[in-house]
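Working notes for the structure below.
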Amino acid sequence: MKDCTASSGTAELGPKTPPLERVPIKPGKMRVELQLNGGQRRSFGVLEFCPGEIIVDAFRPWATGGRVHARLEHVGPGGFVSQLRCQVVHAGATTSGGEPATRLRLLTAKRKQTQLRRYYREQCFPLLPRRDLDPREVLGLFERSGYLDLCRTRPRPSERWLRGDFSGELSSDFVYCAEDGALLGHVSVTRAYSRSWIGHQLTTLRGHEESLACRIALYKHFSMVPALHDGDEPHFLLGYYASSKRWHQLFFEGFVDWMDDASEVVAIPFERYSLIQGGTGPMLAANQRPGVVIDQPSPAALVEVSRFIAEFMPPLARAAFDIEAERLDRAFLAPSYAAHRLPRDRRVFSLRVDGRLLGVALCETGSEDMSLFDIFNLAQLYLVPGLPVELSRALVDFVRQYYRSRGHEHPLIVAAPGSLSSAVQQGLEYIETMGCMVWSGLSLPHYRRYLDECFAQIRPESLTGHAQEEGAVVRPAGAGRRGIERGQVLAGAAPQ
């Protein structure tokens with residue numbers, strides 16, 4: 001609406017693309033006081049809320065499209081009351097269920113958007129910031145869930161990770177706290193690239209009455225974070241997952257099949273390796289052979305490099321990973337890292353033989369305190385098929401030396417499946433073939449709908465330990481986002 005951008009600096013709040021769903025508000029949690037014509041003030045309980053609009057009790061409003069001053073009052077955790085002055089415009093009458101009500105569109109200055117988005121998150125999920133919790137209890141959650149056992153090179157979180165004191169512009173780190181005070185799950189959503197966020201550090205516990213509610217809250221939370229921060233700007237969400245787990249097959253690969261639209265969501269495979277510690281061996285001499293050059297390409301050569309990588313990635317993934325010549329090699333992969341003086345860079349190295357481009361290494365570095373898996377110190381290797389081992393080994397050794405010079409002994413190494421044959425000969429240990437989900441911002445509302453359909457088929461007792469057998473998980477199939485037909489059953493799929 002053009003009339004929602006006023007010369008006074010107010011603007012219609014809330015992402016237009018994609019929209020955020022309105023959530024019901026418990027009685028007494030939120031009210032709005034309106035100053036109507038003639039200075040009359042009236043107060044209404046808010047029935048439904050999202051950052052862009054509210055639904056209040058039905059009343060005879062002013063003319064549709066007209067503005068009035070308003071004060072939104074929100075009762076937060078612990079009974080803390082906060083207020084926000086804004087403007088509202090009457091925009092029709094309805095609730096999600098079709099009951100009589102009055103819909104008001106919120107108008108506010110951009111600097112106040114964060115406050116409304118915080119209200120929204122608090123209404124959606126019973127999640128608490130990791131930094132507000134006892135570090136010992138958080139550590140206990142990760143120990144009991146087995147997550148720390150997966151981090152072989154990082155046996156214990158750093159003190160800064162436990163504090164979780166990163167700006168919300170950089171990372172959203174939240175824990176599900178049950179009504180009895182038990183910590184049941186954790187998820188992080190962290191800025192990864194200029195337009196992309198990555199969901200990671202997702203871990204949960206079984207055996208509690210709220211174990212299913214915990215999973216619902218965590219999955220929905222990480223799917224909403226990009227829109228809460230980026231609004232209507234184009235954005236993406238990434239997530240690495242274990243493709244061997246049936247739970248991940250359901251909630252990640254199943255959604256790709258359900259959407260059936262590679263322009264909005266894809267899952268791409270990567271082989272994950274770790275560097276074998278010790279000497280690099282004699283094959284390092286391959287880089288000294290005549291005609292073999294490994295170095296940083298010039299700005300002009302980055303165009304060729306980006307086209308080379310494009311052969312390995314679908315368009316959606318290229319957009320999410322910033323695979324563009326002007327974005328490939330950067331000191332800060334997102335402006336927010338520069339603003340907060342935190343490392344997050346990517347350097348590009350190319351392998352050429354007699355001038356021909358045969359391989360590329362994208363070497364990312366970042367703070368080790370932001371991820372237990374250290375996913376921000378990661379090298380992506382792209383190699384032409386059938387590359388001789390001594391040449392790929394030369395690139396691997398170059399990457400090893402690069403990270404060592406930056407103080408990182410255990411970077412993650414990923415490559416397209418099958419491109420690194422004879423891993424041990426290349427100084428690598430094969431860990432797994434994992435998947436990488438890429439969601440467009442437009443696909444995330446559909447993903448939340450898909451989550452609703454999946455979670456509706458899971459019996460809570462299958463996660464509490466009260467059931468004698470694990471319940472089967474039903475995967476929505478058939479008509480996809482245009483209309484769900486229940487069908488395919490992943491027999492025996494136990495939630496992870």
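Each chain in the structure tokens gets a letter, A, B and so on, in the order shown; residues start at 1 in every chain, and ligands are counted from 1 in the order they appear.
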| message | Which residues are close to A:Pro27, i.e. within 9 Å by only C-alpha atoms, leaving aside same-chain residues fewer than 3 positions away? Reply as a list of chain:residue names. | response | A:Met30, A:Gly45, A:Val46, A:Leu47
Residues from the last selection, C-alpha atoms, saved as an mmCIF file, in the first residue's frame:
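Okay, again_15.cif is ready:
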```
data_model
loop_
_atom_site.group_PDB
_atom_site.id
_atom_site.type_symbol
_atom_site.label_atom_id
_atom_site.label_comp_id
_atom_site.auth_asym_id
_atom_site.auth_seq_id
_atom_site.Cartn_x
_atom_site.Cartn_y
_atom_site.Cartn_z
ATOM 1 C CA MET A 30 -1.630 -7.955 24.442
ATOM 2 C CA GLY A 45 -7.757 -7.018 23.471
ATOM 3 C CA VAL A 46 -5.607 -8.389 20.649
ATOM 4 C CA LEU A 47 -6.923 -11.735 19.371
#
```
Please, which residues of stretch 243-430 of chain A, numbered as in this document, come out strand (DSSP E) from DSSP, as a PyMOL selection string?
-> chain A and resi 265-275+292-295+344-353+356-366+378-383+412-415+428-430
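Ranking A:Pro315, A:Pro234, A:Gly418, A:Gly164 by their shortest atom-to-atom distance to A:Ser371, with only C-alpha atoms included, puts A:Gly164 first.
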Can you build me a table of stretch 213-281 of chain A residues sitting at most 9 Å from stretch 317-325 of chain A, with the closest atom pair per residue and its distance in Å to one decimal, using only C-alpha atoms, sorted by chain and residue number, as CSV?
```
residue,atom,partner,partner_atom,distance
A:His235,CA,A:Ala320,CA,7.8
A:Phe236,CA,A:Ala320,CA,5.8
A:Leu237,CA,A:Ala320,CA,7.7
A:Leu238,CA,A:Ala320,CA,7.8
A:Val265,CA,A:Ala317,CA,8.8
A:Val266,CA,A:Ala317,CA,7.5
A:Ala267,CA,A:Ala317,CA,8.8
A:Ile268,CA,A:Ala317,CA,8.2
```
**OP:** Quick one: everything within 9 Å of stretch 188-200 of chain A, counting only C-alpha atoms, minus sequence neighbours fewer than 5 positions away in the same chain. Send it as number ranges by chain.
**Re:** A: 168-175, 221-223, 225-226, 230, 233-241, 319-322, 327, 332-337, 344, 370-371, 373, 375-376
Using N, CA and C atoms, can you write the selected residues to a file as a compact mmCIF listing (two decimals), in the first residue's frame?
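As a result, selection.txt now contains:
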```
# COMPACT_ATOMS: atom_id res chain seq x y z
N GLY A 168 21.69 -10.35 17.81
CA GLY A 168 20.61 -10.99 17.06
C GLY A 168 20.75 -10.80 15.57
N GLU A 169 21.49 -9.77 15.14
CA GLU A 169 21.74 -9.59 13.71
C GLU A 169 22.61 -10.72 13.16
N LEU A 170 23.37 -11.37 14.04
CA LEU A 170 24.29 -12.41 13.61
C LEU A 170 23.77 -13.81 13.90
N SER A 171 23.19 -14.02 15.07
CA SER A 171 22.80 -15.37 15.44
C SER A 171 21.64 -15.36 16.42
N SER A 172 20.71 -16.28 16.20
CA SER A 172 19.58 -16.50 17.09
C SER A 172 19.76 -17.87 17.71
N ASP A 173 20.10 -17.92 19.01
CA ASP A 173 20.42 -19.17 19.70
C ASP A 173 19.41 -19.36 20.83
N PHE A 174 18.51 -20.34 20.66
CA PHE A 174 17.40 -20.47 21.60
C PHE A 174 17.25 -21.90 22.10
N VAL A 175 16.71 -22.00 23.32
CA VAL A 175 16.51 -23.27 24.01
C VAL A 175 15.04 -23.42 24.37
N HIS A 221 10.59 -22.23 14.67
CA HIS A 221 11.39 -21.05 14.98
C HIS A 221 12.46 -20.82 13.93
N PHE A 222 13.22 -21.87 13.60
CA PHE A 222 14.33 -21.64 12.66
C PHE A 222 13.81 -21.31 11.27
N SER A 223 12.58 -21.72 10.94
CA SER A 223 12.03 -21.37 9.63
C SER A 223 11.53 -19.94 9.56
N VAL A 225 13.09 -17.22 11.43
CA VAL A 225 14.12 -16.23 11.74
C VAL A 225 14.50 -15.37 10.54
N PRO A 226 14.73 -15.94 9.34
CA PRO A 226 15.13 -15.08 8.22
C PRO A 226 14.13 -13.97 7.93
N ASP A 230 15.01 -10.11 7.93
CA ASP A 230 15.20 -9.54 6.60
C ASP A 230 13.93 -9.00 5.97
N GLU A 233 13.04 -8.33 2.04
CA GLU A 233 14.24 -8.47 1.21
C GLU A 233 14.42 -9.94 0.82
N PRO A 234 14.94 -10.23 -0.37
CA PRO A 234 15.18 -11.63 -0.75
C PRO A 234 16.12 -12.30 0.24
N HIS A 235 15.76 -13.51 0.68
CA HIS A 235 16.61 -14.21 1.63
C HIS A 235 16.46 -15.71 1.46
N PHE A 236 17.40 -16.43 2.07
CA PHE A 236 17.46 -17.89 1.95
C PHE A 236 17.78 -18.48 3.31
N LEU A 237 17.46 -19.76 3.45
CA LEU A 237 17.80 -20.51 4.65
C LEU A 237 18.52 -21.78 4.23
N LEU A 238 19.63 -22.08 4.90
CA LEU A 238 20.42 -23.28 4.63
C LEU A 238 20.38 -24.20 5.84
N GLY A 239 20.66 -25.47 5.60
CA GLY A 239 20.77 -26.41 6.71
C GLY A 239 21.43 -27.70 6.27
N TYR A 240 22.52 -28.07 6.92
CA TYR A 240 23.14 -29.38 6.66
C TYR A 240 22.43 -30.44 7.50
N TYR A 241 22.31 -31.63 6.96
CA TYR A 241 21.60 -32.69 7.69
C TYR A 241 22.19 -34.04 7.33
N ALA A 319 22.58 -18.91 -5.65
CA ALA A 319 22.13 -17.63 -5.08
C ALA A 319 22.33 -17.61 -3.57
N ALA A 320 22.01 -18.72 -2.91
CA ALA A 320 22.12 -18.76 -1.45
C ALA A 320 23.57 -18.70 -0.98
N PHE A 321 24.48 -19.35 -1.70
CA PHE A 321 25.90 -19.38 -1.32
C PHE A 321 26.69 -18.20 -1.90
N ASP A 322 26.02 -17.25 -2.52
CA ASP A 322 26.69 -16.09 -3.12
C ASP A 322 27.74 -16.50 -4.14
N ARG A 327 30.79 -11.56 -5.44
CA ARG A 327 30.55 -11.96 -4.05
C ARG A 327 31.44 -13.12 -3.60
N PHE A 332 34.30 -9.90 4.32
CA PHE A 332 33.15 -10.15 5.18
C PHE A 332 32.00 -10.65 4.31
N LEU A 333 31.52 -11.85 4.60
CA LEU A 333 30.48 -12.45 3.78
C LEU A 333 29.12 -11.82 4.02
N ALA A 334 28.97 -11.05 5.09
CA ALA A 334 27.74 -10.32 5.35
C ALA A 334 28.11 -9.03 6.07
N PRO A 335 27.43 -7.92 5.77
CA PRO A 335 27.78 -6.64 6.40
C PRO A 335 27.69 -6.66 7.92
N SER A 336 26.78 -7.48 8.47
CA SER A 336 26.61 -7.50 9.93
C SER A 336 27.88 -7.98 10.63
N TYR A 337 28.67 -8.83 9.98
CA TYR A 337 29.92 -9.28 10.60
C TYR A 337 30.93 -8.13 10.66
N ARG A 344 34.48 -13.34 9.31
CA ARG A 344 33.63 -14.19 8.47
C ARG A 344 33.99 -13.87 7.02
N MET A 370 30.93 -19.73 17.36
CA MET A 370 29.55 -19.65 16.91
C MET A 370 28.95 -21.00 16.57
N SER A 371 29.77 -22.04 16.50
CA SER A 371 29.27 -23.36 16.11
C SER A 371 30.10 -24.46 16.74
N PHE A 373 30.14 -27.47 15.69
CA PHE A 373 30.69 -28.22 14.56
C PHE A 373 31.68 -27.39 13.76
N ILE A 375 31.18 -24.98 11.67
CA ILE A 375 30.76 -24.95 10.26
C ILE A 375 31.16 -23.66 9.56
N PHE A 376 31.68 -22.68 10.31
CA PHE A 376 32.08 -21.44 9.67
C PHE A 376 33.56 -21.43 9.31
```
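Restricting the calculation to only C-alpha atoms, the smallest distance between A:Val424 and any of A:Gln201, A:Gln83, A:Gln35, A:Ser274 is found for A:Ser274.
For the choices A:Ala331, A:Leu218, A:Val256, A:Val138, the atom-to-atom distance to A:Tyr450 is smallest for A:Val256 when using only C-alpha atoms.
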Atom CA of A:Arg85 to atom CA of A:Cys124 measures 22.1 Å
| request: Write out as a PyMOL selection string the residues lying within 8 Å of A:Leu106, counting only C-alpha atoms and excluding same-chain residues fewer than 5 positions away. | output: chain A and resi 12-13+51-54+86-89
Selected residues, N, CA and C atoms, written as a PDB file, in the first residue's frame, please.
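In the end it all went to result05.pdb:
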```pdb
ATOM      1  N   GLU A  12       4.845   0.553   6.476  1.00  0.00           N
ATOM      2  CA  GLU A  12       4.121  -0.665   6.809  1.00  0.00           C
ATOM      3  C   GLU A  12       5.120  -1.712   7.275  1.00  0.00           C
ATOM      4  N   LEU A  13       4.871  -2.256   8.459  1.00  0.00           N
ATOM      5  CA  LEU A  13       5.810  -3.208   9.035  1.00  0.00           C
ATOM      6  C   LEU A  13       5.416  -4.611   8.666  1.00  0.00           C
ATOM      7  N   PRO A  51       3.851  -9.360  12.973  1.00  0.00           N
ATOM      8  CA  PRO A  51       4.515  -8.057  12.966  1.00  0.00           C
ATOM      9  C   PRO A  51       3.852  -7.012  12.081  1.00  0.00           C
ATOM     10  N   GLY A  52       3.031  -7.430  11.124  1.00  0.00           N
ATOM     11  CA  GLY A  52       2.427  -6.466  10.216  1.00  0.00           C
ATOM     12  C   GLY A  52       1.011  -6.065  10.548  1.00  0.00           C
ATOM     13  N   GLU A  53       0.303  -6.849  11.376  1.00  0.00           N
ATOM     14  CA  GLU A  53      -1.094  -6.523  11.650  1.00  0.00           C
ATOM     15  C   GLU A  53      -1.571  -7.212  12.919  1.00  0.00           C
ATOM     16  N   ILE A  54      -2.692  -6.704  13.445  1.00  0.00           N
ATOM     17  CA  ILE A  54      -3.324  -7.302  14.614  1.00  0.00           C
ATOM     18  C   ILE A  54      -4.812  -7.459  14.340  1.00  0.00           C
ATOM     19  N   CYS A  86       2.566   3.584  17.926  1.00  0.00           N
ATOM     20  CA  CYS A  86       2.595   3.371  16.482  1.00  0.00           C
ATOM     21  C   CYS A  86       1.333   3.972  15.883  1.00  0.00           C
ATOM     22  N   GLN A  87       1.101   3.716  14.646  1.00  0.00           N
ATOM     23  CA  GLN A  87      -0.136   4.070  13.975  1.00  0.00           C
ATOM     24  C   GLN A  87      -0.754   2.800  13.424  1.00  0.00           C
ATOM     25  N   VAL A  88      -2.070   2.820  13.272  1.00  0.00           N
ATOM     26  CA  VAL A  88      -2.757   1.687  12.668  1.00  0.00           C
ATOM     27  C   VAL A  88      -3.692   2.206  11.591  1.00  0.00           C
ATOM     28  N   VAL A  89      -3.945   1.346  10.627  1.00  0.00           N
ATOM     29  CA  VAL A  89      -4.897   1.670   9.570  1.00  0.00           C
ATOM     30  C   VAL A  89      -5.915   0.546   9.517  1.00  0.00           C
TER      31      VAL A  89
END
```
Practice problem: Once DSSP has gone over the backbone, tell me which residues of stretch 31-247 of chain A are in helix (DSSP H, G or I), as JSON, numbers by chain. | Solution: {"A": [37, 38, 39, 77, 78, 79, 110, 111, 112, 113, 114, 115, 116, 117, 118, 119, 120, 121, 122, 123, 124, 130, 131, 132, 135, 136, 137, 138, 139, 140, 141, 142, 143, 144, 145, 147, 148, 149, 150, 159, 160, 161, 162, 163, 211, 212, 213, 214, 215, 216, 217, 218, 219, 220, 221, 222, 223, 224, 225, 226, 227, 228, 229, 230, 246, 247]}
Which residues of stretch 402-424 of chain A come within 10 Å of stretch 355-363 of chain A, and for each one, what is the closest pair of atoms and their distance in Å to one decimal, counting only C-alpha atoms, sorted by chain and residue number, as CSV?
```
residue,atom,partner,partner_atom,distance
A:Tyr402,CA,A:Cys363,CA,8.5
A:Tyr403,CA,A:Cys363,CA,8.2
A:Pro411,CA,A:Cys363,CA,9.2
A:Leu412,CA,A:Cys363,CA,9.8
A:Ile413,CA,A:Cys363,CA,9.2
A:Val414,CA,A:Ala361,CA,9.9
A:Ala415,CA,A:Ala361,CA,9.5
```
Original post:
Residues at most 12 Å from A:Pro417, counting only C-alpha atoms, excluding those fewer than 2 positions away in the same chain, as a list in words?
Top reply: Ile268, Pro269, Phe270, Glu271, Arg272, Tyr273, Phe312, Gln380, Leu381, Tyr382, Leu383, Val384, Pro385, Val414, Ala415, Ser419, Leu420, Ser421, Ala423, Tyr430, Glu432, Thr433, Met434 and Gly435 of chain A
Could the residues in this selection be written to a file with C-alpha atoms, as a short mmCIF file (atom, residue, chain, number, x, y, z; two decimals), in the first residue's frame?
```
data_model
loop_
_atom_site.label_atom_id
_atom_site.label_comp_id
_atom_site.auth_asym_id
_atom_site.auth_seq_id
_atom_site.Cartn_x
_atom_site.Cartn_y
_atom_site.Cartn_z
CA ILE A 268 22.20 -31.01 -2.60
CA PRO A 269 24.64 -33.73 -1.47
CA PHE A 270 28.13 -33.13 -0.13
CA GLU A 271 30.77 -35.60 0.98
CA ARG A 272 32.25 -34.49 4.29
CA TYR A 273 35.89 -35.10 5.16
CA PHE A 312 28.11 -28.28 -9.68
CA GLN A 380 34.19 -26.41 -0.46
CA LEU A 381 36.21 -28.21 -3.13
CA TYR A 382 35.10 -28.34 -6.77
CA LEU A 383 37.14 -30.53 -9.12
CA VAL A 384 36.77 -31.67 -12.70
CA PRO A 385 35.81 -35.36 -12.91
CA VAL A 414 33.22 -30.88 1.67
CA ALA A 415 33.13 -31.88 -1.98
CA SER A 419 35.08 -36.05 -6.83
CA LEU A 420 37.72 -37.02 -4.25
CA SER A 421 38.72 -40.61 -4.89
CA ALA A 423 40.58 -40.05 0.31
CA TYR A 430 35.82 -39.67 4.77
CA GLU A 432 29.75 -39.10 5.64
CA THR A 433 27.66 -38.03 2.70
CA MET A 434 25.40 -35.32 4.04
CA GLY A 435 22.67 -33.21 2.53
#
```
Non-local contacts of A:Asp345 (8 Å; only C-alpha atoms; under 2 positions in same chain excluded) as a list in words:
Asp329, Arg330, Ala331, Phe332, Leu333, Pro343, Arg347, Glu364, Thr365 and Gly366 of chain A
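Relative to atom CA of A:Glu21, atom CA of A:Phe59 is found at 23.1 Å.
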Judged by only C-alpha atoms, the minimum distance to A:Ile431 among A:Val396, A:Leu183, A:Leu150, A:Leu451 is found for A:Leu150
